[in-house]
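**Student:** Here you go, start.cif (mmCIF, C-alpha atoms (C1' of nucleotides)):
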data_data
#
loop_
_atom_site.label_atom_id
_atom_site.label_comp_id
_atom_site.auth_asym_id
_atom_site.auth_seq_id
_atom_site.Cartn_x
_atom_site.Cartn_y
_atom_site.Cartn_z
CA MET C 1 24.82 -118.25 59.42
CA PRO C 2 27.95 -116.57 60.76
CA GLY C 3 31.25 -118.31 60.25
CA ARG C 4 30.23 -119.69 56.86
CA ARG C 5 32.88 -119.05 54.24
CA ASP C 6 31.82 -116.33 51.85
CA ASN C 7 33.53 -117.45 48.70
CA GLN C 8 32.80 -114.30 46.82
CA GLU C 9 34.36 -112.16 49.50
CA ILE C 10 37.38 -114.44 49.53
CA GLU C 11 37.70 -114.10 45.77
CA HIS C 12 37.60 -110.35 46.10
CA PHE C 13 40.25 -110.44 48.76
CA VAL C 14 42.49 -112.67 46.66
CA GLU C 15 42.39 -110.32 43.71
CA ARG C 16 42.95 -107.27 45.83
CA PHE C 17 45.87 -108.64 47.77
CA ALA C 18 47.37 -110.19 44.66
CA GLN C 19 47.80 -106.67 43.35
CA VAL C 20 49.83 -105.79 46.42
CA LEU C 21 52.18 -108.67 45.70
CA VAL C 22 52.32 -107.87 42.00
CA ASP C 23 53.41 -104.34 42.89
CA SER C 24 56.24 -105.93 44.82
CA GLY C 25 57.40 -107.79 41.76
CA MET C 26 55.72 -111.18 41.99
CA PRO C 27 54.10 -112.42 38.77
CA ARG C 28 50.33 -112.03 38.85
CA ILE C 29 49.35 -115.65 38.46
CA ALA C 30 51.86 -116.74 41.08
CA SER C 31 50.52 -114.18 43.52
CA ARG C 32 46.95 -115.30 42.98
CA ILE C 33 47.91 -118.92 43.46
CA ALA C 34 49.86 -118.35 46.65
CA ILE C 35 47.12 -116.28 48.23
CA THR C 36 44.38 -118.67 47.19
CA ILE C 37 46.19 -121.56 48.82
CA MET C 38 46.67 -119.40 51.89
CA THR C 39 42.93 -118.95 52.22
CA THR C 40 42.37 -122.69 52.64
CA ASP C 41 42.45 -124.23 56.06
CA GLU C 42 44.62 -127.06 54.82
CA GLY C 43 47.12 -124.75 53.12
CA ARG C 44 47.10 -126.83 49.97
CA LEU C 45 45.18 -127.22 46.73
CA THR C 46 45.45 -129.27 43.56
CA ALA C 47 46.13 -127.75 40.19
CA ALA C 48 42.57 -128.44 39.09
CA GLU C 49 41.14 -126.72 42.16
CA LEU C 50 43.35 -123.74 41.54
CA ALA C 51 42.31 -123.55 37.90
CA GLU C 52 38.68 -123.57 38.90
CA ARG C 53 38.93 -121.02 41.69
CA LEU C 54 41.04 -118.65 39.66
CA HIS C 55 39.24 -119.12 36.35
CA ALA C 56 42.62 -119.76 34.80
CA SER C 57 43.88 -122.36 32.36
CA PRO C 58 45.89 -125.40 33.47
CA ALA C 59 48.78 -123.92 31.54
CA ALA C 60 48.72 -120.77 33.60
CA ILE C 61 48.59 -122.78 36.82
CA SER C 62 51.49 -124.87 35.65
CA GLY C 63 53.60 -121.80 35.04
CA GLY C 64 52.60 -120.23 38.32
CA VAL C 65 53.39 -123.20 40.51
CA ARG C 66 56.69 -123.68 38.73
CA TYR C 67 57.63 -120.16 39.76
CA LEU C 68 56.42 -120.67 43.32
CA THR C 69 58.29 -123.92 43.80
CA GLN C 70 61.46 -122.52 42.28
CA VAL C 71 61.56 -119.60 44.68
CA GLY C 72 60.75 -121.90 47.55
CA ILE C 73 57.33 -120.53 48.41
CA ALA C 74 55.38 -123.67 47.53
CA GLN C 75 56.10 -127.37 47.47
CA ARG C 76 54.66 -129.91 45.16
CA GLY C 77 53.35 -133.12 46.65
CA ARG C 78 51.08 -136.01 45.87
CA ASP C 79 48.84 -138.08 48.09
CA ARG C 80 49.18 -141.84 47.98
CA GLY C 81 46.61 -143.28 45.61
CA SER C 82 45.97 -139.99 43.91
CA ARG C 83 47.05 -139.01 40.49
CA ARG C 84 46.87 -135.31 41.13
CA ASP C 85 49.70 -133.21 42.43
CA HIS C 86 48.85 -130.77 45.15
CA TYR C 87 50.66 -127.63 46.04
CA ALA C 88 51.25 -126.45 49.59
CA ILE C 89 52.67 -123.25 50.96
CA GLN C 90 54.60 -122.87 54.17
CA ASP C 91 52.70 -121.04 56.88
CA ASP C 92 55.58 -118.59 57.06
CA TRP C 93 56.07 -117.99 53.37
CA LEU C 94 55.73 -114.24 53.77
CA TYR C 95 58.43 -114.29 56.40
CA GLN C 96 60.63 -116.32 54.08
CA THR C 97 59.97 -113.89 51.28
CA ILE C 98 61.08 -110.96 53.41
CA ALA C 99 64.08 -112.87 54.68
CA GLN C 100 65.19 -113.47 51.12
CA ARG C 101 65.35 -109.73 50.59
CA ASP C 102 68.87 -109.85 51.94
CA SER C 103 70.06 -110.92 48.53
CA ILE C 104 68.29 -107.94 47.04
CA LEU C 105 69.99 -105.58 49.43
CA ALA C 106 73.26 -107.22 48.50
CA ARG C 107 72.56 -106.58 44.86
CA TRP C 108 71.88 -102.90 45.52
CA SER C 109 74.98 -102.64 47.61
CA SER C 110 77.28 -104.18 45.07
CA GLY C 111 75.68 -102.17 42.28
CA LEU C 112 76.33 -98.97 44.15
CA HIS C 113 79.88 -100.06 44.80
CA ASP C 114 80.34 -100.46 41.06
CA GLY C 115 79.01 -96.92 40.70
CA ALA C 116 81.63 -95.54 43.03
CA ARG C 117 84.31 -97.24 41.00
CA ALA C 118 82.86 -96.04 37.71
CA VAL C 119 82.81 -92.37 38.65
CA GLY C 120 85.99 -92.51 40.70
CA GLU C 121 86.06 -93.08 44.43
CA ASP C 122 87.73 -89.76 45.14
CA THR C 123 85.12 -87.57 43.48
CA PRO C 124 82.03 -86.01 45.03
CA ALA C 125 79.86 -88.41 43.06
CA GLY C 126 82.03 -91.30 44.22
CA ARG C 127 81.63 -90.28 47.84
CA ARG C 128 77.87 -90.13 47.34
CA PHE C 129 77.90 -93.70 46.08
CA ALA C 130 80.14 -94.82 48.92
CA GLU C 131 77.72 -93.37 51.43
CA SER C 132 74.88 -95.33 49.88
CA VAL C 133 76.90 -98.53 49.96
CA GLU C 134 77.44 -97.99 53.64
CA PHE C 135 73.73 -97.48 54.18
CA PHE C 136 72.81 -100.70 52.47
CA GLU C 137 75.46 -102.67 54.30
CA PHE C 138 74.12 -101.21 57.52
CA LEU C 139 70.63 -102.29 56.53
CA ARG C 140 71.73 -105.82 55.80
CA LYS C 141 73.35 -106.19 59.20
CA GLU C 142 70.34 -104.71 60.95
CA MET C 143 67.86 -106.92 59.12
CA GLU C 144 69.61 -109.96 60.49
CA GLY C 145 68.95 -108.70 63.97
CA VAL C 146 65.36 -107.83 63.20
CA LEU C 147 64.61 -111.31 61.91
CA ASP C 148 66.31 -112.91 64.90
CA ARG C 149 64.22 -110.82 67.24
CA TRP C 150 61.08 -111.89 65.37
CA GLU C 151 62.02 -115.53 65.83
CA ASP C 152 62.49 -114.94 69.55
CA HIS C 153 59.24 -113.04 69.77
CA ARG C 154 57.39 -115.78 67.98
CA ARG C 155 58.87 -118.59 70.00
CA SER C 156 58.27 -116.86 73.29
CA ARG C 157 54.61 -116.52 72.41
CA ALA C 158 54.05 -120.21 71.80
CA MET L 1 95.45 -90.67 32.78
CA PRO L 2 93.93 -92.10 35.96
CA GLY L 3 90.97 -90.31 37.47
CA ARG L 4 89.58 -89.29 34.10
CA ARG L 5 85.89 -90.03 33.81
CA ASP L 6 85.24 -92.97 31.55
CA ASN L 7 81.89 -92.04 30.12
CA GLN L 8 81.34 -95.35 28.50
CA GLU L 9 81.90 -97.21 31.71
CA ILE L 10 79.51 -94.84 33.47
CA GLU L 11 76.88 -95.48 30.81
CA HIS L 12 77.26 -99.18 31.32
CA PHE L 13 76.91 -98.79 35.03
CA VAL L 14 73.79 -96.66 34.67
CA GLU L 15 72.04 -99.25 32.53
CA ARG L 16 73.05 -102.09 34.76
CA PHE L 17 72.00 -100.47 38.01
CA ALA L 18 68.81 -99.14 36.43
CA GLN L 19 67.73 -102.73 36.00
CA VAL L 20 68.14 -103.28 39.72
CA LEU L 21 65.79 -100.39 40.41
CA VAL L 22 63.36 -101.49 37.72
CA ASP L 23 63.18 -104.88 39.40
CA SER L 24 62.17 -103.06 42.55
CA GLY L 25 59.29 -101.41 40.76
CA MET L 26 60.65 -98.07 39.61
CA PRO L 27 59.83 -97.14 36.00
CA ARG L 28 62.78 -97.65 33.72
CA ILE L 29 63.20 -94.11 32.51
CA ALA L 30 62.91 -92.72 36.02
CA SER L 31 65.56 -95.14 37.24
CA ARG L 32 67.93 -94.18 34.48
CA ILE L 33 67.42 -90.49 35.15
CA ALA L 34 67.95 -90.75 38.89
CA ILE L 35 71.13 -92.78 38.51
CA THR L 36 72.52 -90.58 35.77
CA ILE L 37 72.08 -87.51 37.94
CA MET L 38 73.73 -89.39 40.77
CA THR L 39 76.83 -89.95 38.67
CA THR L 40 77.44 -86.21 38.33
CA ASP L 41 79.53 -84.39 40.88
CA GLU L 42 76.99 -81.59 41.08
CA GLY L 43 74.06 -83.94 41.56
CA ARG L 44 72.00 -82.12 38.97
CA LEU L 45 71.40 -82.07 35.24
CA THR L 46 69.10 -80.27 32.83
CA ALA L 47 66.47 -82.03 30.81
CA ALA L 48 68.50 -81.53 27.64
CA GLU L 49 71.60 -83.04 29.21
CA LEU L 50 69.58 -86.01 30.38
CA ALA L 51 68.07 -86.51 26.94
CA GLU L 52 71.50 -86.52 25.39
CA ARG L 53 73.16 -88.83 27.90
CA LEU L 54 70.29 -91.29 27.88
CA HIS L 55 69.57 -91.13 24.15
CA ALA L 56 65.94 -90.50 25.05
CA SER L 57 63.34 -88.08 23.78
CA PRO L 58 62.41 -84.90 25.66
CA ALA L 59 58.99 -86.44 26.16
CA ALA L 60 60.45 -89.43 27.95
CA ILE L 61 62.55 -87.17 30.16
CA SER L 62 59.52 -85.09 30.94
CA GLY L 63 57.57 -88.13 32.08
CA GLY L 64 60.49 -89.47 34.09
CA VAL L 65 61.20 -86.30 36.02
CA ARG L 66 57.53 -85.86 36.72
CA TYR L 67 57.55 -89.24 38.40
CA LEU L 68 60.72 -88.49 40.32
CA THR L 69 59.50 -85.15 41.61
CA GLN L 70 56.14 -86.58 42.58
CA VAL L 71 57.66 -89.29 44.72
CA GLY L 72 60.07 -86.78 46.21
CA ILE L 73 63.28 -88.21 44.80
CA ALA L 74 64.16 -85.21 42.62
CA GLN L 75 63.46 -81.51 42.75
CA ARG L 76 63.05 -79.20 39.83
CA GLY L 77 64.93 -75.92 39.91
CA ARG L 78 66.12 -73.17 37.64
CA ASP L 79 69.22 -71.01 37.74
CA ARG L 80 68.77 -67.26 37.49
CA GLY L 81 69.26 -66.14 33.92
CA SER L 82 68.70 -69.59 32.50
CA ARG L 83 65.69 -70.78 30.72
CA ARG L 84 66.34 -74.41 31.40
CA ASP L 85 65.04 -76.29 34.38
CA HIS L 86 67.47 -78.54 36.08
CA TYR L 87 66.74 -81.54 38.18
CA ALA L 88 68.57 -82.40 41.35
CA ILE L 89 68.44 -85.44 43.56
CA GLN L 90 68.98 -85.52 47.29
CA ASP L 91 72.20 -87.18 48.31
CA ASP L 92 70.15 -89.50 50.47
CA TRP L 93 67.44 -90.39 47.99
CA LEU L 94 68.06 -94.09 48.39
CA TYR L 95 67.64 -93.74 52.13
CA GLN L 96 64.41 -91.84 51.56
CA THR L 97 63.21 -94.52 49.19
CA ILE L 98 63.79 -97.22 51.77
CA ALA L 99 62.21 -95.12 54.50
CA GLN L 100 59.08 -94.78 52.43
CA ARG L 101 58.72 -98.54 52.41
CA ASP L 102 56.87 -98.21 55.67
CA SER L 103 53.74 -97.40 53.73
CA ILE L 104 54.24 -100.55 51.71
CA LEU L 105 54.53 -102.65 54.84
CA ALA L 106 51.36 -101.00 56.07
CA ARG L 107 49.60 -101.97 52.87
CA TRP L 108 50.67 -105.59 53.26
CA SER L 109 49.62 -105.59 56.86
CA SER L 110 46.16 -104.22 56.24
CA GLY L 111 45.70 -106.47 53.24
CA LEU L 112 46.49 -109.49 55.36
CA HIS L 113 44.13 -108.27 58.01
CA ASP L 114 41.38 -108.18 55.41
CA GLY L 115 42.31 -111.75 54.58
CA ALA L 116 41.81 -112.87 58.15
CA ARG L 117 38.39 -111.29 58.16
CA ALA L 118 37.45 -112.79 54.80
CA VAL L 119 38.23 -116.38 55.79
CA GLY L 120 37.08 -115.98 59.37
CA GLU L 121 39.37 -115.08 62.25
CA ASP L 122 38.65 -118.29 64.11
CA THR L 123 39.68 -120.69 61.37
CA PRO L 124 43.10 -122.20 60.71
CA ALA L 125 43.46 -120.02 57.63
CA GLY L 126 42.41 -116.99 59.66
CA ARG L 127 45.06 -117.71 62.26
CA ARG L 128 47.65 -118.00 59.52
CA PHE L 129 46.70 -114.56 58.29
CA ALA L 130 46.73 -113.13 61.79
CA GLU L 131 50.25 -114.42 62.30
CA SER L 132 51.38 -112.67 59.14
CA VAL L 133 49.76 -109.43 60.21
CA GLU L 134 51.72 -109.64 63.43
CA PHE L 135 54.94 -110.20 61.55
CA PHE L 136 54.46 -107.15 59.38
CA GLU L 137 53.50 -104.97 62.30
CA PHE L 138 56.63 -106.17 64.04
CA LEU L 139 58.66 -105.29 60.97
CA ARG L 140 57.22 -101.80 60.82
CA LYS L 141 58.14 -101.08 64.42
CA GLU L 142 61.61 -102.50 63.97
CA MET L 143 62.30 -100.54 60.81
CA GLU L 144 61.73 -97.32 62.70
CA GLY L 145 64.48 -98.30 65.07
CA VAL L 146 66.80 -99.34 62.28
CA LEU L 147 66.44 -96.02 60.52
CA ASP L 148 66.99 -94.11 63.74
CA ARG L 149 70.16 -96.06 64.39
CA TRP L 150 71.36 -95.26 60.88
CA GLU L 151 70.83 -91.56 61.51
CA ASP L 152 72.86 -91.81 64.70
CA HIS L 153 75.56 -93.80 62.98
CA ARG L 154 75.75 -91.30 60.17
CA ARG L 155 75.82 -88.25 62.42
CA SER L 156 78.43 -89.70 64.72
CA ARG L 157 80.70 -90.26 61.76
CA ALA L 158 80.63 -86.64 60.58
"C1'" DC R 1 51.93 -152.78 27.53
"C1'" DG R 2 48.20 -149.59 26.46
"C1'" DC R 3 44.57 -146.48 28.29
"C1'" DT R 4 43.33 -142.53 30.80
"C1'" DG R 5 43.69 -138.56 33.22
"C1'" DA R 6 47.06 -134.97 34.72
"C1'" DT R 7 50.59 -131.87 33.65
"C1'" DT R 8 53.77 -129.43 30.68
"C1'" DT R 9 55.23 -127.17 26.47
"C1'" DC R 10 54.81 -124.22 22.58
"C1'" DA R 11 53.08 -120.97 19.34
"C1'" DC R 12 50.17 -117.36 19.40
"C1'" DA R 13 46.77 -113.70 20.93
"C1'" DA R 14 45.48 -110.11 24.20
"C1'" DT R 15 46.99 -106.68 27.24
"C1'" DT R 16 50.01 -103.57 29.22
"C1'" DT R 17 54.05 -100.84 29.39
"C1'" DT R 18 57.19 -97.69 27.57
"C1'" DG R 19 58.97 -94.34 24.62
"C1'" DT R 20 58.50 -91.48 20.27
"C1'" DG R 21 57.13 -87.61 17.13
"C1'" DA R 22 54.59 -83.79 16.45
"C1'" DA R 23 51.83 -80.29 17.97
"C1'" DG R 24 50.64 -77.08 21.58
"C1'" DC R 25 51.56 -74.38 25.55
"C1'" DT R 26 54.51 -71.50 28.73
"C1'" DT R 27 57.84 -68.39 29.90
"C1'" DC R 28 61.41 -65.18 29.45
"C1'" DG R 29 64.16 -61.74 27.05
"C1'" DG R 30 64.10 -58.05 23.96
"C1'" DC G 1 53.61 -57.79 22.89
"C1'" DC G 2 56.51 -60.88 19.89
"C1'" DG G 3 59.85 -64.47 19.04
"C1'" DA G 4 62.13 -68.37 20.43
"C1'" DA G 5 63.54 -71.90 23.52
"C1'" DG G 6 62.05 -75.30 26.53
"C1'" DC G 7 58.71 -78.21 28.36
"C1'" DT G 8 54.48 -80.94 28.25
"C1'" DT G 9 50.68 -83.48 26.17
"C1'" DC G 10 48.57 -86.68 23.16
"C1'" DA G 11 47.94 -90.23 19.82
"C1'" DC G 12 50.31 -93.92 18.34
"C1'" DA G 13 54.03 -97.53 17.59
"C1'" DA G 14 57.29 -100.88 19.46
"C1'" DA G 15 58.23 -104.16 22.83
"C1'" DA G 16 57.54 -106.91 26.74
"C1'" DT G 17 54.42 -109.56 29.65
"C1'" DT G 18 50.92 -112.72 30.51
"C1'" DG G 19 47.62 -116.17 29.71
"C1'" DT G 20 45.28 -119.35 26.32
"C1'" DG G 21 44.36 -123.52 23.41
"C1'" DA G 22 46.06 -127.45 21.51
"C1'" DA G 23 49.30 -130.80 21.11
"C1'" DA G 24 52.75 -133.52 23.44
"C1'" DT G 25 54.50 -135.83 27.37
"C1'" DC G 26 54.23 -138.30 31.62
"C1'" DA G 27 52.57 -141.51 35.28
"C1'" DG G 28 49.89 -144.91 37.30
"C1'" DC G 29 46.52 -148.52 36.88
"C1'" DG G 30 44.32 -152.36 34.84
#
Take the structure in the file and give it back as C-alpha cells.
**Tutor:**
Amino acid sequence: MPGRRDNQEIEHFVERFAQVLVDSGMPRIASRIAITIMTTDEGRLTAAELAERLHASPAAISGGVRYLTQVGIAQRGRDRGSRRDHYAIQDDWLYQTIAQRDSILARWSSGLHDGARAVGEDTPAGRRFAESVEFFEFLRKEMEGVLDRWEDHRRSRA
Amino acid sequence: MPGRRDNQEIEHFVERFAQVLVDSGMPRIASRIAITIMTTDEGRLTAAELAERLHASPAAISGGVRYLTQVGIAQRGRDRGSRRDHYAIQDDWLYQTIAQRDSILARWSSGLHDGARAVGEDTPAGRRFAESVEFFEFLRKEMEGVLDRWEDHRRSRA
DNA sequence: CGCTGATTTCACAATTTTGTGAAGCTTCGG
DNA sequence: CCGAAGCTTCACAAAATTGTGAAATCAGCG
C-alpha cells in the first residue's frame, strides 16, 4: 500500500539527519527530538511519545525539550483535560535557526576585533584581523538582505 | 612603550577566540593553532614554536596541523637549509571557511529532501520538509551572490 | 487534602573526545 | 651510510559529554 508511513524508514531518517544537526552544534537528543516532531503531520508529540519513538528515558527527553524551548525551537503546551505536556515545533524552525546565526557572526566579528587590538592595529597581523572583521560585518549586513528576500519569495508564492 | 606586543594578552585572546571556533565545530587544538599563526606578522610558525606557545605536545601539534592542511586552511612548507617544517595560513582562511559552508547547506538540503520522501511528499509533514528544502536551496544560491559581492567589494578597495 | 500519573532533578555510568609520552620513522647534513 | 633532529603514530590517560535510573517534585482530579 503506497502512502503508508514506513516507521522504520522514518527512524532511519531521523538518526541520519540528527547527525547533520549534531555536526552543527546541536545536542544529540535535542536534534533527535526536533526532527521526530517534524516528521509528524501535527508537528507535536508528548514526552511519552518521544521517549517511546526515540528509545530514550524520560530524563533525556526532559533535558532535550528544555534545550529546545530555551532556544525557541519548540514550545511546550498542554491540551485541556490532559495531564501530559506536548511539545510543538514551528514549521519554520530551521529558518529561525539560520536567522539566529547573526549573533554568531557578531561573536566572530567582535572576537576578531579583539584580536586586532591584541596584536596592535598597525601591524601586519593587526591588518589581517581588521580585514576579517570587515568580512564578517559585510556578511551580517548581507544576511539581512538574504532573509528579507526569502520572506518576499515565500509570501509571493502563497 | 606602546606598540610592544603583549604576549600575555595575545595568549588570552587566542584561548578566547579558539572557543568561538570550537563552538562552530573546529577541533580545539586546530583552532588554537590557526589563531596563533594568525597573530604573527609573518603568518607562519614552525611546529616547535607552536608547541611552545600553546604549551602542547608535538603530537598534538602534529594532529592539529594535519587537520588544518587537510581542510585547506594551512599549508606546510620548509625553508631551504632548514630542517623544520613551518605552517602558514592564508590571509583569507576565514573567508574560505565560510565559503566552504556551501557543502554543509547542501547536506542539510539533501537530508531534508530524504525526510520528505520518508514521510511521504503528499502529507503535511512532507510539505513541511519540502518547504525547508526550498529554503536551503534558496540560501545556497544567495550565498554565491554574497561571496561574489564581497570579492568585488574587496577588490574595489585595493 | 491525598492519590496518581507526569515531569524534573541528581548522582552516576557509559561513551567519546582530546592530548600525552614514548617509540618509531624520515630526512638531511656530514 | 651514519647520526641527529624533527615529525608522526600508537596505546593510553584525563576530561568532557551524554544518557540512565531512582528519587523527588508537581499538578490535577476525585
**Student:** What gap, in Å, lies between CA of Val71 in chain C and CA of Asp23 in chain L?
**Tutor:**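 Separation between CA of Val71 in chain C and CA of Asp23 in chain L: 15.7 Å.
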**Student:** Taking the file as shown, find all residues satisfying the PyMOL selection byres ((chain C) within 12 of (chain G)) and write them as a list of chain:residue names.
**Tutor:** C:Pro27, C:Arg28, C:Ile29, C:Ala30, C:His55, C:Ala56, C:Ser57, C:Pro58, C:Ala59, C:Ala60, C:Ile61, C:Ser62, C:Gly63, C:Gly64, C:Arg80, C:Gly81, C:Ser82, C:Arg83, C:Arg84, C:Asp85
**Student:** Up to 12 Å from chain C, what residues of chain R turn up? Count all atoms listed in the file and give them as a list in words.
**Tutor:**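 The answer, sorted by residue number, is DT4, DG5, DA6, DT7, DT8, DT9 and DC10 of chain R.
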**Student:** Dump as a PyMOL selection string the residues of chain L that approach chain C to within 9 Å, counting all atoms listed in the file.
**Tutor:** chain L and resi 3-7+9-10+13-14+16-17+20-21+23-25+38-43+91-92+94-95+104+107-108+111-112+114-116+118-126+128-129+131-132+135-136+138-139+142-143+146-147+150+154
**Student:** Could you tell me how far CA of Val133 in chain L lies from CA of His113 in chain L, in Å and to one decimal?
**Tutor:**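 These two atoms are separated by 6.2 Å.
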**Student:** List the neighbours of Ala74 in chain L out to 6 Å using all atoms listed in the file; skip same-chain residues closer than 5 positions along the sequence, and give me the result as a compact mmCIF listing (two decimals) with C-alpha atoms, keeping the file's coordinate frame.
**Tutor:**
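Wrote selection_17.txt, looks like this:
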# COMPACT_ATOMS: atom_id res chain seq x y z
CA LEU L 68 60.72 -88.49 40.32
CA THR L 69 59.50 -85.15 41.61
CA ALA L 88 68.57 -82.40 41.35
CA ILE L 89 68.44 -85.44 43.56
**Student:** As an exercise, work out the distance from CA of Thr46 in chain L to CA of Ile33 in chain L in Å and give it to one decimal place.
**Tutor:** 10.6 Å
